[in-house]
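Asks: Sharing start_36.cif (mmCIF, N, CA and C atoms) below.
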```cif
data_start
loop_
_atom_site.label_atom_id
_atom_site.label_comp_id
_atom_site.auth_asym_id
_atom_site.auth_seq_id
_atom_site.Cartn_x
_atom_site.Cartn_y
_atom_site.Cartn_z
N MET A 1 25.44 3.55 7.12
CA MET A 1 26.54 2.66 7.17
C MET A 1 26.07 1.26 7.52
N PHE A 2 25.52 1.10 8.70
CA PHE A 2 24.96 -0.19 9.06
C PHE A 2 23.52 -0.24 8.61
N MET A 3 23.03 -1.43 8.38
CA MET A 3 21.62 -1.64 8.03
C MET A 3 21.20 -0.89 6.78
N LYS A 4 22.10 -0.83 5.79
CA LYS A 4 21.72 -0.21 4.53
C LYS A 4 20.73 -1.10 3.82
N LYS A 5 19.82 -0.49 3.13
CA LYS A 5 18.83 -1.23 2.38
C LYS A 5 19.47 -1.80 1.12
N ARG A 6 19.34 -3.09 0.92
CA ARG A 6 19.92 -3.71 -0.26
C ARG A 6 19.07 -3.39 -1.49
N PRO A 7 19.72 -3.23 -2.62
CA PRO A 7 18.94 -2.99 -3.85
C PRO A 7 18.18 -4.26 -4.23
N VAL A 8 17.09 -4.08 -4.95
CA VAL A 8 16.29 -5.21 -5.41
C VAL A 8 17.12 -6.01 -6.40
N ARG A 9 17.24 -7.31 -6.16
CA ARG A 9 18.00 -8.17 -7.06
C ARG A 9 17.20 -8.37 -8.33
N GLN A 10 17.76 -7.98 -9.43
CA GLN A 10 17.06 -8.06 -10.70
C GLN A 10 17.23 -9.45 -11.31
N ALA A 11 16.24 -10.27 -11.17
CA ALA A 11 16.24 -11.61 -11.76
C ALA A 11 15.42 -11.57 -13.05
N HIS A 12 15.65 -12.53 -13.89
CA HIS A 12 14.89 -12.61 -15.12
C HIS A 12 13.50 -13.16 -14.82
N TRP A 13 12.47 -12.45 -15.26
CA TRP A 13 11.10 -12.89 -15.03
C TRP A 13 10.45 -13.17 -16.37
N ASP A 14 9.96 -14.40 -16.53
CA ASP A 14 9.30 -14.81 -17.77
C ASP A 14 7.81 -14.97 -17.48
N PRO A 15 6.96 -14.05 -17.93
CA PRO A 15 5.53 -14.13 -17.65
C PRO A 15 4.87 -15.39 -18.19
N ALA A 16 5.46 -16.02 -19.19
CA ALA A 16 4.87 -17.23 -19.76
C ALA A 16 5.03 -18.43 -18.84
N THR A 17 6.09 -18.45 -18.01
CA THR A 17 6.34 -19.62 -17.17
C THR A 17 6.33 -19.32 -15.68
N GLN A 18 6.26 -18.04 -15.28
CA GLN A 18 6.30 -17.69 -13.87
C GLN A 18 5.16 -16.76 -13.48
N THR A 19 4.75 -16.88 -12.22
CA THR A 19 3.70 -16.06 -11.66
C THR A 19 4.24 -15.32 -10.44
N PRO A 20 4.02 -14.00 -10.31
CA PRO A 20 4.47 -13.30 -9.11
C PRO A 20 3.65 -13.74 -7.89
N ALA A 21 4.32 -13.83 -6.74
CA ALA A 21 3.65 -14.25 -5.52
C ALA A 21 4.37 -13.69 -4.30
N ILE A 22 3.65 -13.66 -3.18
CA ILE A 22 4.22 -13.26 -1.90
C ILE A 22 4.07 -14.44 -0.96
N ARG A 23 5.20 -14.92 -0.44
CA ARG A 23 5.17 -16.03 0.51
C ARG A 23 5.11 -15.43 1.91
N CYS A 24 4.09 -15.80 2.68
CA CYS A 24 3.86 -15.25 4.01
C CYS A 24 4.02 -16.34 5.06
N SER A 25 4.66 -15.98 6.18
CA SER A 25 4.79 -16.90 7.30
C SER A 25 3.63 -16.65 8.26
N ILE A 26 2.94 -17.70 8.63
CA ILE A 26 1.82 -17.56 9.56
C ILE A 26 2.33 -17.21 10.96
N CYS A 27 3.46 -17.78 11.36
CA CYS A 27 3.99 -17.59 12.71
C CYS A 27 4.60 -16.21 12.93
N THR A 28 5.47 -15.80 12.02
CA THR A 28 6.22 -14.55 12.24
C THR A 28 5.67 -13.36 11.46
N GLY A 29 4.88 -13.61 10.45
CA GLY A 29 4.35 -12.53 9.63
C GLY A 29 5.32 -12.06 8.57
N GLU A 30 6.46 -12.72 8.45
CA GLU A 30 7.45 -12.34 7.44
C GLU A 30 6.88 -12.55 6.04
N GLN A 31 7.17 -11.61 5.14
CA GLN A 31 6.70 -11.70 3.77
C GLN A 31 7.87 -11.57 2.81
N VAL A 32 7.91 -12.44 1.81
CA VAL A 32 8.96 -12.45 0.81
C VAL A 32 8.30 -12.45 -0.57
N ALA A 33 8.72 -11.52 -1.41
CA ALA A 33 8.20 -11.45 -2.78
C ALA A 33 9.09 -12.27 -3.70
N GLY A 34 8.47 -12.91 -4.67
CA GLY A 34 9.23 -13.70 -5.63
C GLY A 34 8.33 -14.22 -6.73
N PHE A 35 8.75 -15.30 -7.35
CA PHE A 35 8.02 -15.87 -8.47
C PHE A 35 7.85 -17.37 -8.31
N ILE A 36 6.69 -17.87 -8.73
CA ILE A 36 6.41 -19.31 -8.72
C ILE A 36 6.53 -19.82 -10.15
N ASN A 37 7.29 -20.89 -10.32
CA ASN A 37 7.40 -21.54 -11.61
C ASN A 37 6.14 -22.37 -11.82
N ARG A 38 5.43 -22.13 -12.90
CA ARG A 38 4.15 -22.81 -13.15
C ARG A 38 4.31 -24.30 -13.40
N GLU A 39 5.42 -24.70 -13.96
CA GLU A 39 5.63 -26.11 -14.29
C GLU A 39 6.02 -26.93 -13.06
N SER A 40 7.00 -26.45 -12.30
CA SER A 40 7.51 -27.23 -11.17
C SER A 40 6.87 -26.83 -9.84
N GLY A 41 6.29 -25.63 -9.76
CA GLY A 41 5.68 -25.16 -8.52
C GLY A 41 6.69 -24.61 -7.53
N SER A 42 7.95 -24.50 -7.92
CA SER A 42 8.98 -23.99 -7.01
C SER A 42 8.90 -22.47 -6.90
N PHE A 43 9.21 -21.97 -5.70
CA PHE A 43 9.18 -20.54 -5.42
C PHE A 43 10.62 -20.03 -5.38
N SER A 44 10.89 -18.96 -6.11
CA SER A 44 12.21 -18.33 -6.04
C SER A 44 12.05 -16.96 -5.38
N ALA A 45 12.67 -16.81 -4.21
CA ALA A 45 12.56 -15.58 -3.43
C ALA A 45 13.42 -14.49 -4.05
N ILE A 46 12.89 -13.27 -4.10
CA ILE A 46 13.60 -12.15 -4.68
C ILE A 46 13.88 -11.08 -3.63
N GLN A 47 12.86 -10.71 -2.83
CA GLN A 47 13.01 -9.57 -1.94
C GLN A 47 12.18 -9.74 -0.68
N LEU A 48 12.77 -9.41 0.47
CA LEU A 48 12.05 -9.38 1.73
C LEU A 48 11.19 -8.12 1.77
N LEU A 49 9.94 -8.26 2.15
CA LEU A 49 9.03 -7.11 2.22
C LEU A 49 8.86 -6.71 3.68
N GLN A 50 9.33 -5.51 4.02
CA GLN A 50 9.20 -5.02 5.38
C GLN A 50 8.11 -3.96 5.51
N ASP A 51 7.74 -3.32 4.40
CA ASP A 51 6.67 -2.33 4.42
C ASP A 51 6.09 -2.20 3.02
N GLU A 52 5.11 -1.34 2.86
CA GLU A 52 4.45 -1.16 1.56
C GLU A 52 5.40 -0.59 0.52
N GLY A 53 6.37 0.18 0.95
CA GLY A 53 7.35 0.75 0.02
C GLY A 53 8.17 -0.34 -0.68
N ASP A 54 8.48 -1.41 0.06
CA ASP A 54 9.23 -2.52 -0.52
C ASP A 54 8.39 -3.23 -1.58
N LEU A 55 7.11 -3.36 -1.34
CA LEU A 55 6.22 -3.99 -2.31
C LEU A 55 6.13 -3.14 -3.57
N GLU A 56 6.05 -1.83 -3.41
CA GLU A 56 6.01 -0.93 -4.57
C GLU A 56 7.32 -0.99 -5.36
N ASP A 57 8.45 -1.09 -4.65
CA ASP A 57 9.75 -1.23 -5.33
C ASP A 57 9.78 -2.51 -6.16
N PHE A 58 9.26 -3.59 -5.60
CA PHE A 58 9.21 -4.88 -6.31
C PHE A 58 8.34 -4.77 -7.55
N ARG A 59 7.17 -4.15 -7.41
CA ARG A 59 6.26 -3.97 -8.55
C ARG A 59 6.92 -3.13 -9.65
N ASP A 60 7.59 -2.05 -9.25
CA ASP A 60 8.23 -1.17 -10.23
C ASP A 60 9.41 -1.85 -10.92
N ALA A 61 10.19 -2.61 -10.17
CA ALA A 61 11.38 -3.26 -10.74
C ALA A 61 11.02 -4.28 -11.81
N TYR A 62 9.88 -4.95 -11.65
CA TYR A 62 9.49 -6.00 -12.60
C TYR A 62 8.31 -5.61 -13.48
N GLY A 63 7.87 -4.36 -13.40
CA GLY A 63 6.80 -3.87 -14.27
C GLY A 63 5.47 -4.56 -14.04
N LEU A 64 5.14 -4.84 -12.77
CA LEU A 64 3.90 -5.55 -12.47
C LEU A 64 2.70 -4.61 -12.41
N GLY A 65 2.92 -3.34 -12.17
CA GLY A 65 1.82 -2.38 -12.13
C GLY A 65 0.78 -2.76 -11.10
N ASP A 66 -0.49 -2.82 -11.53
CA ASP A 66 -1.58 -3.15 -10.62
C ASP A 66 -1.97 -4.62 -10.67
N MET A 67 -1.11 -5.46 -11.24
CA MET A 67 -1.38 -6.88 -11.32
C MET A 67 -1.58 -7.48 -9.92
N THR A 68 -2.56 -8.35 -9.79
CA THR A 68 -2.82 -9.01 -8.52
C THR A 68 -1.70 -9.99 -8.22
N ILE A 69 -1.12 -9.86 -7.03
CA ILE A 69 -0.05 -10.76 -6.61
C ILE A 69 -0.62 -11.73 -5.58
N ARG A 70 -0.52 -12.99 -5.87
CA ARG A 70 -1.08 -14.05 -5.03
C ARG A 70 -0.24 -14.21 -3.75
N LYS A 71 -0.90 -14.46 -2.61
CA LYS A 71 -0.20 -14.74 -1.37
C LYS A 71 -0.27 -16.24 -1.10
N ILE A 72 0.87 -16.80 -0.75
CA ILE A 72 0.90 -18.22 -0.40
C ILE A 72 1.40 -18.34 1.03
N TYR A 73 0.87 -19.31 1.78
CA TYR A 73 1.23 -19.50 3.18
C TYR A 73 1.93 -20.80 3.39
#
```
Spit out the file's structure as structure tokens when you get a sec.

Replies:
Amino acid sequence: MFMKKRPVRQAHWDPATQTPAIRCSICTGEQVAGFINRESGSFSAIQLLQDEGDLEDFRDAYGLGDMTIRKIY
């Protein structure tokens, strides 16, 4: 009832113009998965990562497989 896990928000991902990335906070350790626009450099957050299962859900939802995901701080 409380604290239900939200489903992964399905955003449109264009491999030609966007790169998957994980934004990490140095202070709190919080990690957010999303995409970086190659032209503007802007980051669009998709999902908060609380454990490895969340990262696997993100990979499965967008078909990333074993692709290397860059971490930005």

Asks: For atom C of Ile46 of chain A and atom CA of Pro15 of chain A, determine how far apart the two atoms are, in Å to one decimal place.

Replies: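 Distance reported for this atom pair: 16.6 Å.
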
Asks: Find the residue from A:Arg23, A:Arg59, A:His12, A:Arg38 that sits nearest to Ile72 of chain A; use only N, CA and C atoms when measuring.

Replies: A:Arg23

Asks: Give me the residues within 6 Å of segment 47-50 of chain A as a PyMOL selection string, counting only N, CA and C atoms and dropping any in the same chain fewer than 3 places off.

Replies: chain A and resi 31-34+54-55

Asks: Point out the residue among A:Asp60, A:Asp66, A:Ser40, A:Phe35 with the least atom-to-atom distance to Pro20 of chain A, counting all atoms listed in the file.

Replies: A:Phe35

Asks: Expressed in Å to a single decimal, how great is the separation between atom CA of Thr17 of chain A and atom CA of Asn37 of chain A?

Replies: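 So the two atoms, atom CA of Thr17 of chain A and atom CA of Asn37 of chain A, lie 6.0 Å apart.
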
Asks: Which parts of chain A does DSSP call strand (DSSP E) when run on the backbone here, written out as a ChimeraX atom specification?

Replies: /A:18-24,31-37,43-49,70-72

Asks: With N, CA and C atoms retained, could you export that selection as an mmCIF file, in the frame of the given file?

Replies:
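The result, stored in result_13.cif:
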```
data_model
loop_
_atom_site.group_PDB
_atom_site.id
_atom_site.type_symbol
_atom_site.label_atom_id
_atom_site.label_comp_id
_atom_site.auth_asym_id
_atom_site.auth_seq_id
_atom_site.Cartn_x
_atom_site.Cartn_y
_atom_site.Cartn_z
ATOM 1 N N GLN A 18 6.260 -18.040 -15.280
ATOM 2 C CA GLN A 18 6.300 -17.690 -13.870
ATOM 3 C C GLN A 18 5.160 -16.760 -13.480
ATOM 4 N N THR A 19 4.750 -16.880 -12.220
ATOM 5 C CA THR A 19 3.700 -16.060 -11.660
ATOM 6 C C THR A 19 4.240 -15.320 -10.440
ATOM 7 N N PRO A 20 4.020 -14.000 -10.310
ATOM 8 C CA PRO A 20 4.470 -13.300 -9.110
ATOM 9 C C PRO A 20 3.650 -13.740 -7.890
ATOM 10 N N ALA A 21 4.320 -13.830 -6.740
ATOM 11 C CA ALA A 21 3.650 -14.250 -5.520
ATOM 12 C C ALA A 21 4.370 -13.690 -4.300
ATOM 13 N N ILE A 22 3.650 -13.660 -3.180
ATOM 14 C CA ILE A 22 4.220 -13.260 -1.900
ATOM 15 C C ILE A 22 4.070 -14.440 -0.960
ATOM 16 N N ARG A 23 5.200 -14.920 -0.440
ATOM 17 C CA ARG A 23 5.170 -16.030 0.510
ATOM 18 C C ARG A 23 5.110 -15.430 1.910
ATOM 19 N N CYS A 24 4.090 -15.800 2.680
ATOM 20 C CA CYS A 24 3.860 -15.250 4.010
ATOM 21 C C CYS A 24 4.020 -16.340 5.060
ATOM 22 N N GLN A 31 7.170 -11.610 5.140
ATOM 23 C CA GLN A 31 6.700 -11.700 3.770
ATOM 24 C C GLN A 31 7.870 -11.570 2.810
ATOM 25 N N VAL A 32 7.910 -12.440 1.810
ATOM 26 C CA VAL A 32 8.960 -12.450 0.810
ATOM 27 C C VAL A 32 8.300 -12.450 -0.570
ATOM 28 N N ALA A 33 8.720 -11.520 -1.410
ATOM 29 C CA ALA A 33 8.200 -11.450 -2.780
ATOM 30 C C ALA A 33 9.090 -12.270 -3.700
ATOM 31 N N GLY A 34 8.470 -12.910 -4.670
ATOM 32 C CA GLY A 34 9.230 -13.700 -5.630
ATOM 33 C C GLY A 34 8.330 -14.220 -6.730
ATOM 34 N N PHE A 35 8.750 -15.300 -7.350
ATOM 35 C CA PHE A 35 8.020 -15.870 -8.470
ATOM 36 C C PHE A 35 7.850 -17.370 -8.310
ATOM 37 N N ILE A 36 6.690 -17.870 -8.730
ATOM 38 C CA ILE A 36 6.410 -19.310 -8.720
ATOM 39 C C ILE A 36 6.530 -19.820 -10.150
ATOM 40 N N ASN A 37 7.290 -20.890 -10.320
ATOM 41 C CA ASN A 37 7.400 -21.540 -11.610
ATOM 42 C C ASN A 37 6.140 -22.370 -11.820
ATOM 43 N N PHE A 43 9.210 -21.970 -5.700
ATOM 44 C CA PHE A 43 9.180 -20.540 -5.420
ATOM 45 C C PHE A 43 10.620 -20.030 -5.380
ATOM 46 N N SER A 44 10.890 -18.960 -6.110
ATOM 47 C CA SER A 44 12.210 -18.330 -6.040
ATOM 48 C C SER A 44 12.050 -16.960 -5.380
ATOM 49 N N ALA A 45 12.670 -16.810 -4.210
ATOM 50 C CA ALA A 45 12.560 -15.580 -3.430
ATOM 51 C C ALA A 45 13.420 -14.490 -4.050
ATOM 52 N N ILE A 46 12.890 -13.270 -4.100
ATOM 53 C CA ILE A 46 13.600 -12.150 -4.680
ATOM 54 C C ILE A 46 13.880 -11.080 -3.630
ATOM 55 N N GLN A 47 12.860 -10.710 -2.830
ATOM 56 C CA GLN A 47 13.010 -9.570 -1.940
ATOM 57 C C GLN A 47 12.180 -9.740 -0.680
ATOM 58 N N LEU A 48 12.770 -9.410 0.470
ATOM 59 C CA LEU A 48 12.050 -9.380 1.730
ATOM 60 C C LEU A 48 11.190 -8.120 1.770
ATOM 61 N N LEU A 49 9.940 -8.260 2.150
ATOM 62 C CA LEU A 49 9.030 -7.110 2.220
ATOM 63 C C LEU A 49 8.860 -6.710 3.680
ATOM 64 N N ARG A 70 -0.520 -12.990 -5.870
ATOM 65 C CA ARG A 70 -1.080 -14.050 -5.030
ATOM 66 C C ARG A 70 -0.240 -14.210 -3.750
ATOM 67 N N LYS A 71 -0.900 -14.460 -2.610
ATOM 68 C CA LYS A 71 -0.200 -14.740 -1.370
ATOM 69 C C LYS A 71 -0.270 -16.240 -1.100
ATOM 70 N N ILE A 72 0.870 -16.800 -0.750
ATOM 71 C CA ILE A 72 0.900 -18.220 -0.400
ATOM 72 C C ILE A 72 1.400 -18.340 1.030
#
```

Asks: Chain A: which residues are helix (DSSP H, G or I) by DSSP, as a VMD selection string?

Replies: chain A and resid 52 to 62

Asks: Between atom C of Glu52 of chain A and atom N of Ala16 of chain A, measure the distance and give it in Å to one decimal.

Replies: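 Between atom C of Glu52 of chain A and atom N of Ala16 of chain A the gap is 25.0 Å.
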
Asks: In terms of the shortest atom-to-atom distance over only N, CA and C atoms, which of A:Asp51, A:Tyr73, A:Ile36, A:Glu56 is closest to Cys24 of chain A?

Replies: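 Of all the options, A:Tyr73 lies closest to Cys24 of chain A.
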
Asks: Restricting the calculation to only C-alpha atoms: of A:Cys27, A:Leu64, A:Ala21, A:Ile69, which residue gets closest to Ser42 of chain A?

Replies: A:Ala21

Asks: Quick one: axis-aligned box around all listed atoms of segment 44-57 of chain A, 8 Å on every side, centre and edge lengths in Å to one decimal, written as AutoDock Vina command-line options.

Replies:
```
--center_x 9.2 --center_y -9.1 --center_z -0.3 --size_x 25.4 --size_y 35.7 --size_z 27.7
```
